[in-house]
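To start, the structure under review is shown below, and the notes come after it.
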Amino acid sequence: MRKEYPRPQFVRDPWLNLNGEWEFAFDDGKIGLRDKWYRQYDFPLKIQVPFCYQSKLSGIGDPGFHDVVWYRRTFSLPESFLGKRVLLHFGAVDYAAKVWLNGQLVKEHEGGHTPFSVDITDELQAENILVVRAEDFSRDVTLPRGKQYWKEQSEGIFYTRTTGIWQTVWLEAVAETHLEKVKFTPDIDTGQIGIKCILKGFEQGTHTNLKICISFKGEPVAEDIIQVRHPVEERKITLSDWKTFEHHRMWTPSSPHLYDAELTLVRDGEVVDRVKSYFGMRKISIHNGKLCLNNTPFFLKMVLDQGYFPDGLLTAPTDEDLKRDVELTKAMGFNGARKHQKVEDPRYLYWCDTLGLLVWGEMANAYQYSEEYVTRMTGEWLEVIERDYNHPCIMAWVPINESWGVPQIKLNDCQQHHSLSLYHLTKSLDPTRLVISNDGWEHTRSDLLTIHDYEWRREVLDERYRSEENTLSAMPANRPLYAFGYLHEGQPIIVSEFGGISFKTGDREGWGYSEAKDEDDFVNRVKNVIQPLLDSPVVQGYCYTQLTDVEQEINGLLTYDRQPKVPPELIRQINEGNKSKE
């Protein structure tokens with residue numbers, strides 16, 4: 001049922017989880033709006049929210065095309081909600097959602113991977129009927145969809161679709177004046193944390209204070225009281241412990257130190273809101289051509305993670321499953337994960353923050369270009385950055401992968417400008433992280449040169465990454481590394497997809513980019529693709545494909561149900577290999 005609090009970066013009480021059994025209906029004829037199903041209709045099925053109907057855990061498990069689906073459930077408010085404003089939150093609904101409460105349309109949202117909310121206070125009754133209509137566009141290849149296939153049966157690198165609600169639905173009670181958002185921007189060079197607070201319902205003329213308390217492992221390190229004069233207040237707060245302990249307070253994958261923050265809003269002497277959050281003091285930068293974490297050169301060892309689960313698809317069965325993926329990734333010696341073509345559940349990012357795993361935050365891409373795609377993509381990408389800005393684990397943003405959505409970018413001016421616009425828009429909203437404009441090849445403006453290379457012969461990889469000249473002249477996927485008109489300007493080089501070695505376990509059939517016949521062969525093949533990158537004088541990091549098997553793909557280090565194919569310590573030993581060839 002997914003009972004855990006869904007928004008770990010912004011925690012408040014009281015709240016009410018609306019996951020669980022809902023009434024459900026397919027609307028293949030698209031007649032529900034005409035017939036006003038949001039007012040009266042006998043929904044014939046039951047579904048377990050937040051699992052999509054295609055998944056086994058939903059209780060339905062139908063992988064076919066049903067692009068319009070309806071949900072309904074009733075709820076009554078607990079006593080702790082009385083006298084307060086009530087917000088209705090959706091973690092994610094794929095793709096377009098309409099929401100009714102007691103027969104009144106209260107919200108519309110487009111974007112299959114980002115959250116939305118609405119104040120439903122004025123529509124509440126003693127007993128409430130909540131109805132959701134979700135519409136997907138399964139065959140539309142200009143829709144930001146990630147790995148969701150536009151054919152009924154998954155094949156190749158594409159998987160089963162997700163339609164409708166797939167993250168937690170919940171209610172929250174707030175005061176008339178409350179915190180709507182808080183943004184943390186760390187500065188390790190000064191020992192300060194930048195805090196931007198956005199208030200909802202603030203009225204000029206009231207006596208409103210915002211108290212900010214920051215602690216490290218229970219010990220207070222900073223306190224500030226802001227006399228609120230505007231709905232948006234910003235401060236830089238110096239951490240008292242920083243000069244003495246900065247090297248023991250920085251966030252890194254090996255030492256993921258976090259500061260706790262409590263924000264208390266007081267209006268006319270009464271506490272009206274209290275939010276708990278956290279942040280990490282860390283810095284991502286490029287200095288003299290070197291990728292740096294906290295001003296020190298850092299070699300990135302990532303694994304590509306599709307974020308699919310056998311019974312839940314895009315939705316993890318439990319919070320513990322998300323935590324376990326992070327633990328297994330670290331156990332194999334990786335210090336980062338590239339969440340591939342998926343905007344991941346905030347609970348996953350929470351575990352990366354607390355356990356220590358760097359993340360590339362990637363958008364779920366479309367496959368073809370259109371003007372409508374540009375509008376959809378840009379709007380949803382803005383919501384992604386806003387949602388995940390505070391997570392210290394995220395070190396880079398990846399709006400586009402392998403020219404998906406921009407297939408003619410090599411020569412097409414419009415598609416190049418689209419890539420450039422996403423790069424600059426992202427940097428304008430978040431200058432603290434790296435941005436990769438088009439991961440894999442055909443880069444325009446980009447902070448890193450990232451290369452996808454599924455060559456498996458060690459001698460070829462040794463030669464290809466022996467020098468910068470060799471690397472820049474290579475075309476591993478028969479694609480140029482840069483789009484026409486763009487050149488390498490000294491950006492750090494990362495091999496951000498490689499490996500993909502298939503290894504069959506049990507009776508499960510599938511494919512990979514090369515094939516191992518047994519455990520020893522598998523370990524040797526993994527070593528033969530990783531060691532040349534460790535030995536390279538020009539490569540500053542890599543991302544191995546991939547963490548788990550997924551549906552027809554058997555190129556994971558783990559099986560689809562997260563069982564290691566070989567002891568994790570063997571993969572760790574390879575990742576920790578020295579710089580000498582063997």
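Identifiers for the structure tokens are assigned positionally: chains receive A, B, ... in sequence, residues are indexed from 1 per chain, and ligands are indexed from 1 in the order shown.
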- Task: Find the residues near Leu429 (chain A): any atom within 12 Å, counting only C-alpha atoms, skip ones fewer than 2 places away on the same chain, and give them as a list in words.
- Result: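 Everything that qualifies: Lys183, Thr185, Trp381, Leu382, Glu383, Val384, Ile385, Glu386, Asp388, Tyr389, Trp397, Leu422, Tyr423, His424, Leu425, Thr426, Lys427, Pro431, Thr432, Arg433, Leu434 and Val435 of chain A.
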Export, as a PDB file, in the first residue's frame, the selected residues with N, CA and C atoms.
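Saved file part07.pdb follows:
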```pdb
ATOM      1  N   LYS A 183      13.789  26.210  -0.303  1.00  0.00           N
ATOM      2  CA  LYS A 183      14.909  25.800  -1.144  1.00  0.00           C
ATOM      3  C   LYS A 183      16.213  26.010  -0.385  1.00  0.00           C
ATOM      4  N   THR A 185      20.380  26.041  -0.683  1.00  0.00           N
ATOM      5  CA  THR A 185      21.522  26.128  -1.587  1.00  0.00           C
ATOM      6  C   THR A 185      22.793  26.180  -0.752  1.00  0.00           C
ATOM      7  N   TRP A 381       9.761  19.355 -17.382  1.00  0.00           N
ATOM      8  CA  TRP A 381      11.142  19.429 -16.911  1.00  0.00           C
ATOM      9  C   TRP A 381      11.306  20.502 -15.834  1.00  0.00           C
ATOM     10  N   LEU A 382      10.603  21.617 -15.987  1.00  0.00           N
ATOM     11  CA  LEU A 382      10.640  22.647 -14.947  1.00  0.00           C
ATOM     12  C   LEU A 382      10.120  22.098 -13.620  1.00  0.00           C
ATOM     13  N   GLU A 383       9.072  21.288 -13.675  1.00  0.00           N
ATOM     14  CA  GLU A 383       8.510  20.706 -12.455  1.00  0.00           C
ATOM     15  C   GLU A 383       9.476  19.699 -11.827  1.00  0.00           C
ATOM     16  N   VAL A 384      10.238  18.992 -12.652  1.00  0.00           N
ATOM     17  CA  VAL A 384      11.233  18.047 -12.131  1.00  0.00           C
ATOM     18  C   VAL A 384      12.296  18.789 -11.327  1.00  0.00           C
ATOM     19  N   ILE A 385      12.845  19.858 -11.903  1.00  0.00           N
ATOM     20  CA  ILE A 385      13.893  20.619 -11.223  1.00  0.00           C
ATOM     21  C   ILE A 385      13.367  21.196  -9.916  1.00  0.00           C
ATOM     22  N   GLU A 386      12.154  21.721  -9.955  1.00  0.00           N
ATOM     23  CA  GLU A 386      11.563  22.298  -8.745  1.00  0.00           C
ATOM     24  C   GLU A 386      11.378  21.249  -7.660  1.00  0.00           C
ATOM     25  N   ASP A 388      12.997  18.401  -7.134  1.00  0.00           N
ATOM     26  CA  ASP A 388      14.173  17.690  -6.629  1.00  0.00           C
ATOM     27  C   ASP A 388      15.365  18.582  -6.301  1.00  0.00           C
ATOM     28  N   TYR A 389      15.182  19.892  -6.357  1.00  0.00           N
ATOM     29  CA  TYR A 389      16.301  20.819  -6.173  1.00  0.00           C
ATOM     30  C   TYR A 389      17.055  20.586  -4.865  1.00  0.00           C
ATOM     31  N   TRP A 397      21.898  17.171 -14.061  1.00  0.00           N
ATOM     32  CA  TRP A 397      20.593  17.079 -14.723  1.00  0.00           C
ATOM     33  C   TRP A 397      20.791  16.618 -16.168  1.00  0.00           C
ATOM     34  N   LEU A 422      17.060  23.949 -23.219  1.00  0.00           N
ATOM     35  CA  LEU A 422      16.960  23.152 -21.998  1.00  0.00           C
ATOM     36  C   LEU A 422      18.224  23.284 -21.155  1.00  0.00           C
ATOM     37  N   TYR A 423      19.373  23.323 -21.821  1.00  0.00           N
ATOM     38  CA  TYR A 423      20.623  23.504 -21.079  1.00  0.00           C
ATOM     39  C   TYR A 423      20.607  24.829 -20.327  1.00  0.00           C
ATOM     40  N   HIS A 424      20.344  25.914 -21.039  1.00  0.00           N
ATOM     41  CA  HIS A 424      20.414  27.233 -20.414  1.00  0.00           C
ATOM     42  C   HIS A 424      19.275  27.463 -19.421  1.00  0.00           C
ATOM     43  N   LEU A 425      18.092  26.943 -19.727  1.00  0.00           N
ATOM     44  CA  LEU A 425      16.976  27.064 -18.789  1.00  0.00           C
ATOM     45  C   LEU A 425      17.298  26.351 -17.488  1.00  0.00           C
ATOM     46  N   THR A 426      17.872  25.156 -17.591  1.00  0.00           N
ATOM     47  CA  THR A 426      18.230  24.398 -16.400  1.00  0.00           C
ATOM     48  C   THR A 426      19.292  25.136 -15.590  1.00  0.00           C
ATOM     49  N   LYS A 427      20.310  25.652 -16.260  1.00  0.00           N
ATOM     50  CA  LYS A 427      21.363  26.389 -15.561  1.00  0.00           C
ATOM     51  C   LYS A 427      20.826  27.666 -14.925  1.00  0.00           C
ATOM     52  N   PRO A 431      22.194  26.802 -10.967  1.00  0.00           N
ATOM     53  CA  PRO A 431      23.596  26.911 -11.383  1.00  0.00           C
ATOM     54  C   PRO A 431      24.547  26.064 -10.561  1.00  0.00           C
ATOM     55  N   THR A 432      24.032  25.322  -9.570  1.00  0.00           N
ATOM     56  CA  THR A 432      24.891  24.567  -8.664  1.00  0.00           C
ATOM     57  C   THR A 432      25.193  23.160  -9.157  1.00  0.00           C
ATOM     58  N   ARG A 433      24.535  22.738 -10.239  1.00  0.00           N
ATOM     59  CA  ARG A 433      24.736  21.369 -10.726  1.00  0.00           C
ATOM     60  C   ARG A 433      25.171  21.384 -12.190  1.00  0.00           C
ATOM     61  N   LEU A 434      25.700  20.240 -12.617  1.00  0.00           N
ATOM     62  CA  LEU A 434      26.092  20.078 -14.017  1.00  0.00           C
ATOM     63  C   LEU A 434      24.863  19.756 -14.853  1.00  0.00           C
ATOM     64  N   VAL A 435      24.919  20.116 -16.127  1.00  0.00           N
ATOM     65  CA  VAL A 435      23.836  19.804 -17.056  1.00  0.00           C
ATOM     66  C   VAL A 435      24.434  19.133 -18.289  1.00  0.00           C
TER      67      VAL A 435
END
```
- Item | Neighbour list for Val523 (chain A) as a PyMOL selection string, cut-off 12 Å, only C-alpha atoms, skip fewer than 3 positions in-chain | chain A and resi 499+501-503+515-520+526-531+557+565-575
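The list of residues with at least one atom within 6 Å of Arg338 (chain A), based on only C-alpha atoms and without residues fewer than 2 positions apart in the same chain, reads Leu304, Asp305, His340, Val359 and Trp360 of chain A.
Proximity to Ser80 (chain A) at 9 Å, evaluated using only C-alpha atoms and with sequence-adjacent residues fewer than 3 positions away removed, yields Pro14, Trp15, Leu77, Gly83, Lys84 and Ala173 of chain A.
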For the residues selected in the previous step, produce a file with N, CA and C atoms as a short mmCIF file (atom, residue, chain, number, x, y, z; two decimals), in the first residue's frame.
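Written output follows (result-v3.cif):
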```cif
data_model
loop_
_atom_site.label_atom_id
_atom_site.label_comp_id
_atom_site.auth_asym_id
_atom_site.auth_seq_id
_atom_site.Cartn_x
_atom_site.Cartn_y
_atom_site.Cartn_z
N PRO A 14 -0.69 17.49 10.30
CA PRO A 14 -1.14 16.12 10.05
C PRO A 14 -1.27 15.83 8.55
N TRP A 15 -1.30 14.51 8.23
CA TRP A 15 -1.50 14.10 6.86
C TRP A 15 -2.28 12.79 6.84
N LEU A 77 -12.69 13.38 6.81
CA LEU A 77 -11.51 14.00 7.41
C LEU A 77 -11.37 13.62 8.88
N GLY A 83 -10.98 22.82 10.79
CA GLY A 83 -10.60 24.21 10.95
C GLY A 83 -9.36 24.62 10.19
N LYS A 84 -8.83 23.72 9.35
CA LYS A 84 -7.63 24.03 8.58
C LYS A 84 -7.91 23.94 7.08
N ALA A 173 -3.18 18.85 6.05
CA ALA A 173 -3.88 19.97 6.68
C ALA A 173 -2.88 21.08 6.99
#
```
Residues of region 26-55 of chain A that approach region 155-172 of chain A to 7 Å or less, counting only C-alpha atoms: could you list each one with the shortest pair of atoms and its distance in Å to one decimal, rows by chain and increasing residue number, as CSV?
```
residue,atom,partner,partner_atom,distance
A:Val49,CA,A:Ile165,CA,6.9
A:Pro50,CA,A:Trp166,CA,4.6
A:Phe51,CA,A:Trp166,CA,5.1
A:Cys52,CA,A:Trp166,CA,5.5
A:Gln54,CA,A:Thr162,CA,6.6
```
Ala222 (chain A) surroundings by only C-alpha atoms, 7 Å radius, close-in-sequence under 2 positions cut, as a short mmCIF file (atom, residue, chain, number, x, y, z; two decimals) with N, CA and C atoms, in the first residue's frame:
```cif
data_model
loop_
_atom_site.label_atom_id
_atom_site.label_comp_id
_atom_site.auth_asym_id
_atom_site.auth_seq_id
_atom_site.Cartn_x
_atom_site.Cartn_y
_atom_site.Cartn_z
N CYS A 213 15.74 26.68 12.63
CA CYS A 213 16.69 26.01 13.52
C CYS A 213 17.41 24.91 12.74
N ILE A 214 18.73 24.96 12.77
CA ILE A 214 19.54 23.99 12.03
C ILE A 214 20.40 23.23 13.04
N SER A 215 20.43 21.91 12.88
CA SER A 215 21.22 21.08 13.79
C SER A 215 21.97 20.01 13.02
N PRO A 220 22.55 21.87 17.97
CA PRO A 220 22.23 23.11 17.24
C PRO A 220 23.49 23.76 16.69
N ASP A 224 17.95 31.33 13.19
CA ASP A 224 17.63 32.65 12.65
C ASP A 224 16.13 32.88 12.78
N THR A 238 25.03 31.31 8.38
CA THR A 238 26.35 30.72 8.64
C THR A 238 26.22 29.59 9.65
N LEU A 239 26.83 28.46 9.34
CA LEU A 239 26.83 27.30 10.23
C LEU A 239 27.99 27.44 11.21
N SER A 240 27.68 27.47 12.49
CA SER A 240 28.69 27.78 13.50
C SER A 240 29.78 26.72 13.59
#
```
- Query: DSSP says alpha helix (DSSP H) for which residues of region 285-406 of chain A? Put them as a PyMOL selection string?
  - Reply: chain A and resi 319-331+346-355+371-388
Residues just named, written with N, CA and C atoms as a compact mmCIF listing (two decimals), in the first residue's frame:
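Listed below is the output, selection.txt:
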```txt
# COMPACT_ATOMS: atom_id res chain seq x y z
N ASP A 319 8.83 0.77 0.34
CA ASP A 319 9.93 1.71 0.56
C ASP A 319 11.23 0.96 0.79
N GLU A 320 11.14 -0.20 1.41
CA GLU A 320 12.33 -1.01 1.66
C GLU A 320 12.98 -1.47 0.36
N ASP A 321 12.18 -1.67 -0.68
CA ASP A 321 12.73 -2.05 -1.99
C ASP A 321 13.58 -0.92 -2.57
N LEU A 322 13.15 0.31 -2.40
CA LEU A 322 13.95 1.44 -2.87
C LEU A 322 15.27 1.53 -2.10
N LYS A 323 15.17 1.37 -0.79
CA LYS A 323 16.38 1.39 0.03
C LYS A 323 17.33 0.27 -0.36
N ARG A 324 16.78 -0.90 -0.63
CA ARG A 324 17.61 -2.06 -0.98
C ARG A 324 18.36 -1.84 -2.29
N ASP A 325 17.74 -1.18 -3.25
CA ASP A 325 18.43 -0.88 -4.51
C ASP A 325 19.66 0.00 -4.27
N VAL A 326 19.52 0.97 -3.38
CA VAL A 326 20.66 1.83 -3.05
C VAL A 326 21.75 1.02 -2.35
N GLU A 327 21.35 0.19 -1.41
CA GLU A 327 22.32 -0.63 -0.67
C GLU A 327 23.07 -1.57 -1.59
N LEU A 328 22.37 -2.21 -2.51
CA LEU A 328 23.03 -3.13 -3.44
C LEU A 328 23.96 -2.40 -4.38
N THR A 329 23.56 -1.22 -4.82
CA THR A 329 24.43 -0.42 -5.69
C THR A 329 25.74 -0.10 -4.99
N LYS A 330 25.64 0.35 -3.75
CA LYS A 330 26.85 0.67 -3.00
C LYS A 330 27.67 -0.58 -2.68
N ALA A 331 27.00 -1.69 -2.41
CA ALA A 331 27.72 -2.92 -2.08
C ALA A 331 28.60 -3.39 -3.23
N PRO A 346 10.50 10.32 -4.92
CA PRO A 346 11.32 11.06 -3.94
C PRO A 346 11.86 10.19 -2.82
N ARG A 347 11.18 9.10 -2.52
CA ARG A 347 11.69 8.23 -1.47
C ARG A 347 13.01 7.59 -1.88
N TYR A 348 13.21 7.30 -3.14
CA TYR A 348 14.51 6.78 -3.60
C TYR A 348 15.59 7.83 -3.39
N LEU A 349 15.30 9.07 -3.75
CA LEU A 349 16.28 10.14 -3.57
C LEU A 349 16.59 10.35 -2.09
N TYR A 350 15.59 10.17 -1.24
CA TYR A 350 15.81 10.25 0.20
C TYR A 350 16.84 9.21 0.65
N TRP A 351 16.70 7.99 0.18
CA TRP A 351 17.65 6.95 0.57
C TRP A 351 19.04 7.22 -0.01
N CYS A 352 19.12 7.80 -1.19
CA CYS A 352 20.42 8.20 -1.74
C CYS A 352 21.04 9.30 -0.90
N ASP A 353 20.22 10.25 -0.45
CA ASP A 353 20.71 11.31 0.43
C ASP A 353 21.27 10.74 1.73
N THR A 354 20.53 9.83 2.33
CA THR A 354 20.89 9.36 3.68
C THR A 354 21.95 8.25 3.66
N LEU A 355 21.97 7.43 2.61
CA LEU A 355 22.94 6.33 2.54
C LEU A 355 24.19 6.71 1.76
N GLU A 371 6.27 20.48 -32.14
CA GLU A 371 6.10 21.68 -31.32
C GLU A 371 5.35 21.37 -30.03
N GLU A 372 4.38 20.47 -30.12
CA GLU A 372 3.65 20.07 -28.91
C GLU A 372 4.59 19.38 -27.92
N TYR A 373 5.49 18.54 -28.46
CA TYR A 373 6.48 17.89 -27.60
C TYR A 373 7.30 18.93 -26.85
N VAL A 374 7.75 19.98 -27.52
CA VAL A 374 8.57 21.01 -26.89
C VAL A 374 7.83 21.62 -25.70
N THR A 375 6.55 21.93 -25.90
CA THR A 375 5.76 22.52 -24.82
C THR A 375 5.62 21.56 -23.65
N ARG A 376 5.29 20.31 -23.96
CA ARG A 376 5.12 19.32 -22.89
C ARG A 376 6.43 19.08 -22.15
N MET A 377 7.48 18.87 -22.91
CA MET A 377 8.78 18.55 -22.33
C MET A 377 9.27 19.68 -21.42
N THR A 378 9.19 20.90 -21.91
CA THR A 378 9.71 22.03 -21.14
C THR A 378 8.93 22.22 -19.84
N GLY A 379 7.62 22.16 -19.92
CA GLY A 379 6.81 22.34 -18.72
C GLY A 379 7.07 21.29 -17.66
N GLU A 380 7.15 20.05 -18.09
CA GLU A 380 7.37 18.98 -17.11
C GLU A 380 8.78 19.02 -16.55
N TRP A 381 9.76 19.36 -17.38
CA TRP A 381 11.14 19.43 -16.91
C TRP A 381 11.31 20.50 -15.83
N LEU A 382 10.60 21.62 -15.99
CA LEU A 382 10.64 22.65 -14.95
C LEU A 382 10.12 22.10 -13.62
N GLU A 383 9.07 21.29 -13.68
CA GLU A 383 8.51 20.71 -12.45
C GLU A 383 9.48 19.70 -11.83
N VAL A 384 10.24 18.99 -12.65
CA VAL A 384 11.23 18.05 -12.13
C VAL A 384 12.30 18.79 -11.33
N ILE A 385 12.84 19.86 -11.90
CA ILE A 385 13.89 20.62 -11.22
C ILE A 385 13.37 21.20 -9.92
N GLU A 386 12.15 21.72 -9.95
CA GLU A 386 11.56 22.30 -8.74
C GLU A 386 11.38 21.25 -7.66
N ARG A 387 10.90 20.07 -8.04
CA ARG A 387 10.64 19.03 -7.04
C ARG A 387 11.92 18.56 -6.36
N ASP A 388 13.00 18.40 -7.13
CA ASP A 388 14.17 17.69 -6.63
C ASP A 388 15.36 18.58 -6.30
```
- Of the listed residues A:Lys211, A:Trp441, A:Met281, A:Val68, that which approaches Phe245 (chain A) most closely, counting only C-alpha atoms: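 For Phe245 (chain A), the nearest of the given residues is A:Met281.
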- Item | Using only C-alpha atoms: which of A:Asp28, A:Glu468, A:Asp62, A:Asp439 has the shortest distance to Val406 (chain A) |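 Smallest distance to Val406 (chain A) is found for A:Asp439.
For the set A:Gly356, A:Pro317, A:Gly32, A:Pro115, the residue with the smallest atom-to-atom gap to Leu57 (chain A) is A:Pro317, counting only C-alpha atoms.
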- Query: Out of A:Gly361, A:Gly336, A:Gly556, A:Gly289, which residue has the shortest atom-to-atom distance to Gly500 (chain A) when counting only C-alpha atoms?
  - Reply: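 Checking each candidate against Gly500 (chain A), we get A:Gly556 as the closest.
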List every residue of region 258-303 of chain A that has an atom at most 6 Å from any atom of region 190-210 of chain A, and for each one report the closest atom pair and its distance in Å to one decimal, counting only C-alpha atoms, with rows sorted by chain and then by increasing residue number, as CSV.
```
residue,atom,partner,partner_atom,distance
A:Thr264,CA,A:Leu210,CA,5.7
A:Leu265,CA,A:Leu210,CA,4.6
A:Val266,CA,A:Asn209,CA,5.2
A:Arg267,CA,A:Thr208,CA,4.3
A:Asp268,CA,A:His207,CA,5.1
```
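What separates CA of Met1 (chain A) from CA of Thr74 (chain A) is a distance of 16.7 Å.
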- Neighbours of region 116-133 of chain A within 7 Å (only C-alpha atoms; same-chain residues fewer than 5 positions away dropped), as a list in words?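 Listed by chain and then number, they are Tyr38, Val69, Trp70, Tyr71, Arg72, Arg73, Thr74, Phe75, Ser76, Arg85, Val86, Leu87, Leu88, His89, Phe90, Gly91, Ala97, Lys98, Val99, Trp100, Leu101, Asn102 and Lys107 of chain A.
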- Query: Would you give me, as an NGL selection string, the residues in region 118-155 of chain A that DSSP reads as strand (DSSP E or B)?
  - Reply: :A and (118-119 or 128-135 or 148 or 155)
- Message: Please compute the CA of Asp260 (chain A)-CA of Lys301 (chain A) distance, one decimal, in Å.
- Response: 28.1 Å
